[in-house]
Amino acid sequence: MHREHRKIEEISLAEKEAGEDPKGIAGWLILVVIGLVVSPLRTLHALYENHWLIIRDGIWPVLTTPGTEHYHPLWAPLFAFEVFANVGSVLLALIALALLLQKSRHAPRLAIVWLGWGVVFGVLDYVIAGQIPAVAEQSGSEAIRELSRSVAGAAIWIPYFLRSRRVKNTFVQ
């Protein structure tokens, strides 16, 4: 009887401890979900504004044909790099969102990859684009703001995914 009583106490204590730990997509984790929804929309809009319109409006040959006024040899590689990085970012965000909503144990890792991806490609884009004189002249607060947003987001959310009890308790499937 004493042994059964001890087991009941252990189970009760385990249930109590489990109940005290945060679990589920709530709290600060809601902000991550919002970010994973909004980010692909913002990125797709930027792809349309910054890339599709260049092709549609006939600006592409002006930037990439040697001898034209605005030609620079980095335009084509930069354009391809930005499209690749942005499409990759959208795909990573959507997959991370799906895994997050499924409470998959892979969700935190993929969210960290997505955050790191944004920083790495943001820095590379800033550096490469800065080599093009026309971009360097116009590169101002908007480029710095976007890069700062990526760095700040990664600096906040990567440690959160690594240390949060809610994350550890939620993503177990």
# chains A, B, ... in the order shown; residues from 1 in each chain; ligands from 1

call {"tool": "residues_around", "arguments": {"residues": "Ile25 of chain A", "least_positions_apart": "2", "cutoff": "10 Å", "atoms": "only C-alpha atoms", "output": "VMD selection string"}}
result
chain A and resid 22 to 23 27 to 33 100 to 101 103 166 to 167 170 to 171

call {"tool": "write_last_selection", "arguments": {"atoms": "N, CA and C atoms", "output": "CSV table (one decimal), in the first residue's frame"}}
result
chain,number,residue,atom,x,y,z
A,22,PRO,N,4.8,26.2,-19.3
A,22,PRO,CA,4.1,26.7,-20.4
A,22,PRO,C,4.1,25.7,-21.6
A,23,LYS,N,3.0,25.6,-22.3
A,23,LYS,CA,2.9,24.7,-23.4
A,23,LYS,C,2.0,25.2,-24.4
A,27,GLY,N,1.6,32.8,-25.8
A,27,GLY,CA,2.7,33.6,-25.2
A,27,GLY,C,3.5,34.3,-26.4
A,28,TRP,N,4.8,34.4,-26.2
A,28,TRP,CA,5.6,35.0,-27.2
A,28,TRP,C,5.7,34.2,-28.5
A,29,LEU,N,5.3,33.0,-28.4
A,29,LEU,CA,5.4,32.1,-29.6
A,29,LEU,C,4.4,32.6,-30.7
A,30,ILE,N,3.3,33.3,-30.2
A,30,ILE,CA,2.3,33.9,-31.2
A,30,ILE,C,3.0,34.9,-32.1
A,31,LEU,N,4.0,35.6,-31.6
A,31,LEU,CA,4.7,36.6,-32.4
A,31,LEU,C,5.5,35.9,-33.5
A,32,VAL,N,6.0,34.7,-33.2
A,32,VAL,CA,6.7,34.0,-34.3
A,32,VAL,C,5.8,33.5,-35.3
A,33,VAL,N,4.6,33.0,-34.9
A,33,VAL,CA,3.6,32.6,-35.9
A,33,VAL,C,3.2,33.8,-36.8
A,100,LEU,N,5.4,24.3,-37.3
A,100,LEU,CA,5.1,24.9,-36.0
A,100,LEU,C,3.6,24.6,-35.6
A,101,LEU,N,2.7,24.7,-36.6
A,101,LEU,CA,1.3,24.5,-36.3
A,101,LEU,C,1.1,23.0,-36.0
A,103,LYS,N,3.2,21.3,-34.4
A,103,LYS,CA,4.0,21.1,-33.2
A,103,LYS,C,5.1,20.0,-33.3
A,166,ARG,N,8.6,26.8,-23.1
A,166,ARG,CA,7.4,26.7,-23.9
A,166,ARG,C,7.8,25.9,-25.2
A,167,VAL,N,8.9,26.3,-25.8
A,167,VAL,CA,9.3,25.6,-27.0
A,167,VAL,C,9.6,24.2,-26.8
A,170,THR,N,6.3,22.3,-26.2
A,170,THR,CA,5.3,22.3,-27.2
A,170,THR,C,5.7,21.4,-28.4
A,171,PHE,N,7.0,21.5,-28.8
A,171,PHE,CA,7.4,20.8,-30.1
A,171,PHE,C,8.0,19.5,-29.8

call {"tool": "closest_residue", "arguments": {"among": "A:Pro73, A:Gly24, A:Pro66, A:Gly88", "to": "Gln131 of chain A", "atoms": "only C-alpha atoms"}}
result
A:Pro73

call {"tool": "closest_residue", "arguments": {"among": "A:Asp21, A:Ala136, A:Arg105, A:Gly35", "to": "Ala154 of chain A", "atoms": "only C-alpha atoms"}}
result
A:Gly35

call {"tool": "atom_distance", "arguments": {"atom1": "atom CA of Gln173 of chain A", "atom2": "atom CA of Ile112 of chain A"}}
result
17.7 Å

call {"tool": "atom_distance", "arguments": {"atom1": "atom CA of Ser150 of chain A", "atom2": "atom CA of Ile59 of chain A"}}
result
28.7 Å

call {"tool": "residues_around", "arguments": {"residues": "Trp75 of chain A", "least_positions_apart": "5", "cutoff": "12 Å", "atoms": "only C-alpha atoms", "output": "list in words"}}
result
His51, Ile54, Ile59, Trp60, Pro61, Val62, Leu63, Thr64, Thr65, Pro66, His70, Ala80, Phe81, Glu82, Asp125, Ile128, Ala129, Gly130, Gln131, Ile132, Pro133, Ala134 and Val135 of chain A

call {"tool": "select_by_dssp", "arguments": {"residues": "segment 30-72 of chain A", "states": "alpha helix (DSSP H)", "output": "PyMOL selection string"}}
result
chain A and resi 30-47+53-56+60-64

call {"tool": "closest_residue", "arguments": {"among": "A:Val113, A:Val83, A:Val120, A:Ala26", "to": "Glu49 of chain A", "atoms": "only C-alpha atoms"}}
result
A:Val83

call {"tool": "residues_around", "arguments": {"residues": "Ser39 of chain A", "least_positions_apart": "4", "cutoff": "8 Å", "atoms": "only C-alpha atoms", "output": "MDAnalysis selection string"}}
result
chainID A and resid 35 43 90 93

call {"tool": "residues_around", "arguments": {"residues": "Arg149 of chain A", "least_positions_apart": "4", "cutoff": "12 Å", "atoms": "only C-alpha atoms", "output": "PyMOL selection string"}}
result
chain A and resi 35+39+115+118-119+122-123+141-145+153-157

call {"tool": "decode", "arguments": {"residues": "segment 11-142 of chain A", "atoms": "C-alpha atoms", "output": "compact mmCIF listing (two decimals), in the first residue's frame"}}
result
# COMPACT_ATOMS: atom_id res chain seq x y z
CA ILE A 11 2.38 10.82 -10.74
CA SER A 12 0.58 13.71 -9.07
CA LEU A 13 3.83 15.66 -8.72
CA ALA A 14 4.72 14.97 -12.37
CA GLU A 15 1.29 16.15 -13.51
CA LYS A 16 1.56 19.26 -11.36
CA GLU A 17 4.99 20.08 -12.74
CA ALA A 18 3.79 19.49 -16.29
CA GLY A 19 0.83 21.79 -15.69
CA GLU A 20 3.04 24.62 -14.47
CA ASP A 21 5.28 24.61 -17.53
CA PRO A 22 4.05 26.70 -20.44
CA LYS A 23 2.95 24.67 -23.42
CA GLY A 24 1.27 25.28 -26.73
CA ILE A 25 1.36 28.00 -29.31
CA ALA A 26 0.71 30.93 -27.00
CA GLY A 27 2.67 33.63 -25.25
CA TRP A 28 5.65 34.99 -27.16
CA LEU A 29 5.36 32.13 -29.64
CA ILE A 30 2.33 33.87 -31.16
CA LEU A 31 4.68 36.59 -32.42
CA VAL A 32 6.72 33.97 -34.25
CA VAL A 33 3.58 32.62 -35.91
CA ILE A 34 2.60 36.14 -36.98
CA GLY A 35 6.12 36.67 -38.36
CA LEU A 36 5.97 33.42 -40.30
CA VAL A 37 2.65 34.50 -41.84
CA VAL A 38 3.58 38.13 -42.58
CA SER A 39 7.15 37.54 -43.76
CA PRO A 40 6.29 35.50 -46.88
CA LEU A 41 3.67 38.09 -47.85
CA ARG A 42 6.18 40.94 -47.47
CA THR A 43 8.82 38.97 -49.36
CA LEU A 44 6.48 38.11 -52.24
CA HIS A 45 5.47 41.77 -52.46
CA ALA A 46 9.14 42.79 -52.55
CA LEU A 47 9.84 40.22 -55.28
CA TYR A 48 7.04 41.70 -57.34
CA GLU A 49 8.08 45.31 -56.77
CA ASN A 50 11.85 44.84 -57.10
CA HIS A 51 12.22 41.99 -59.56
CA TRP A 52 9.13 41.22 -61.60
CA LEU A 53 8.62 44.88 -62.56
CA ILE A 54 12.25 45.08 -63.77
CA ILE A 55 11.56 42.26 -66.20
CA ARG A 56 8.02 43.31 -67.16
CA ASP A 57 8.89 46.94 -67.76
CA GLY A 58 11.92 46.15 -69.94
CA ILE A 59 14.51 47.45 -67.47
CA TRP A 60 16.43 44.14 -67.39
CA PRO A 61 18.29 44.66 -70.72
CA VAL A 62 19.29 48.19 -69.67
CA LEU A 63 20.94 46.82 -66.51
CA THR A 64 22.53 43.70 -67.98
CA THR A 65 23.60 44.61 -71.53
CA PRO A 66 27.23 45.75 -71.80
CA GLY A 67 27.50 49.26 -73.18
CA THR A 68 24.17 50.54 -71.86
CA GLU A 69 24.18 53.49 -69.47
CA HIS A 70 23.20 51.52 -66.35
CA TYR A 71 25.06 48.29 -67.11
CA HIS A 72 27.08 46.68 -64.35
CA PRO A 73 28.41 43.09 -64.42
CA LEU A 74 26.95 42.40 -60.96
CA TRP A 75 23.33 43.23 -61.87
CA ALA A 76 22.48 39.78 -63.27
CA PRO A 77 24.17 37.78 -60.47
CA LEU A 78 22.66 40.09 -57.82
CA PHE A 79 19.22 39.73 -59.36
CA ALA A 80 19.49 35.92 -59.47
CA PHE A 81 20.89 35.84 -55.93
CA GLU A 82 18.03 37.99 -54.59
CA VAL A 83 15.37 35.89 -56.31
CA PHE A 84 16.95 32.69 -54.98
CA ALA A 85 17.29 34.10 -51.45
CA ASN A 86 13.75 35.48 -51.38
CA VAL A 87 12.11 32.35 -52.78
CA GLY A 88 14.16 30.31 -50.29
CA SER A 89 13.01 32.57 -47.48
CA VAL A 90 9.36 32.19 -48.45
CA LEU A 91 9.65 28.40 -48.68
CA LEU A 92 11.50 28.13 -45.35
CA ALA A 93 8.93 30.36 -43.64
CA LEU A 94 5.97 28.38 -44.99
CA ILE A 95 7.52 25.02 -44.07
CA ALA A 96 8.48 26.33 -40.62
CA LEU A 97 4.93 27.63 -40.14
CA ALA A 98 3.43 24.28 -41.13
CA LEU A 99 5.77 22.41 -38.77
CA LEU A 100 5.08 24.91 -36.01
CA LEU A 101 1.32 24.46 -36.33
CA GLN A 102 1.81 20.67 -36.28
CA LYS A 103 3.96 21.09 -33.16
CA SER A 104 6.70 19.10 -34.86
CA ARG A 105 9.97 18.63 -33.04
CA HIS A 106 11.66 19.92 -36.23
CA ALA A 107 9.89 23.29 -36.09
CA PRO A 108 12.35 25.07 -33.76
CA ARG A 109 15.34 23.95 -35.82
CA LEU A 110 13.75 25.07 -39.08
CA ALA A 111 12.69 28.39 -37.56
CA ILE A 112 16.32 28.95 -36.52
CA VAL A 113 17.48 28.10 -40.06
CA TRP A 114 14.94 30.57 -41.47
CA LEU A 115 16.12 33.32 -39.12
CA GLY A 116 19.78 32.62 -39.89
CA TRP A 117 19.02 32.49 -43.62
CA GLY A 118 17.57 36.00 -43.43
CA VAL A 119 20.68 37.38 -41.73
CA VAL A 120 23.21 35.65 -43.99
CA PHE A 121 21.46 36.59 -47.20
CA GLY A 122 20.69 40.08 -45.94
CA VAL A 123 24.36 40.75 -45.24
CA LEU A 124 25.48 39.22 -48.54
CA ASP A 125 22.87 41.19 -50.46
CA TYR A 126 23.91 44.43 -48.78
CA VAL A 127 27.60 43.81 -49.53
CA ILE A 128 27.10 42.68 -53.14
CA ALA A 129 24.58 45.42 -53.96
CA GLY A 130 26.95 47.98 -52.46
CA GLN A 131 29.46 47.11 -55.20
CA ILE A 132 27.11 48.53 -57.84
CA PRO A 133 27.59 52.33 -57.91
CA ALA A 134 23.93 53.09 -58.73
CA VAL A 135 22.81 51.00 -55.74
CA ALA A 136 25.54 52.31 -53.44
CA GLU A 137 24.44 55.90 -54.14
CA GLN A 138 20.82 55.13 -53.26
CA SER A 139 21.50 52.57 -50.56
CA GLY A 140 20.41 54.26 -47.43
CA SER A 141 18.24 53.85 -44.44
CA GLU A 142 15.84 51.33 -46.03
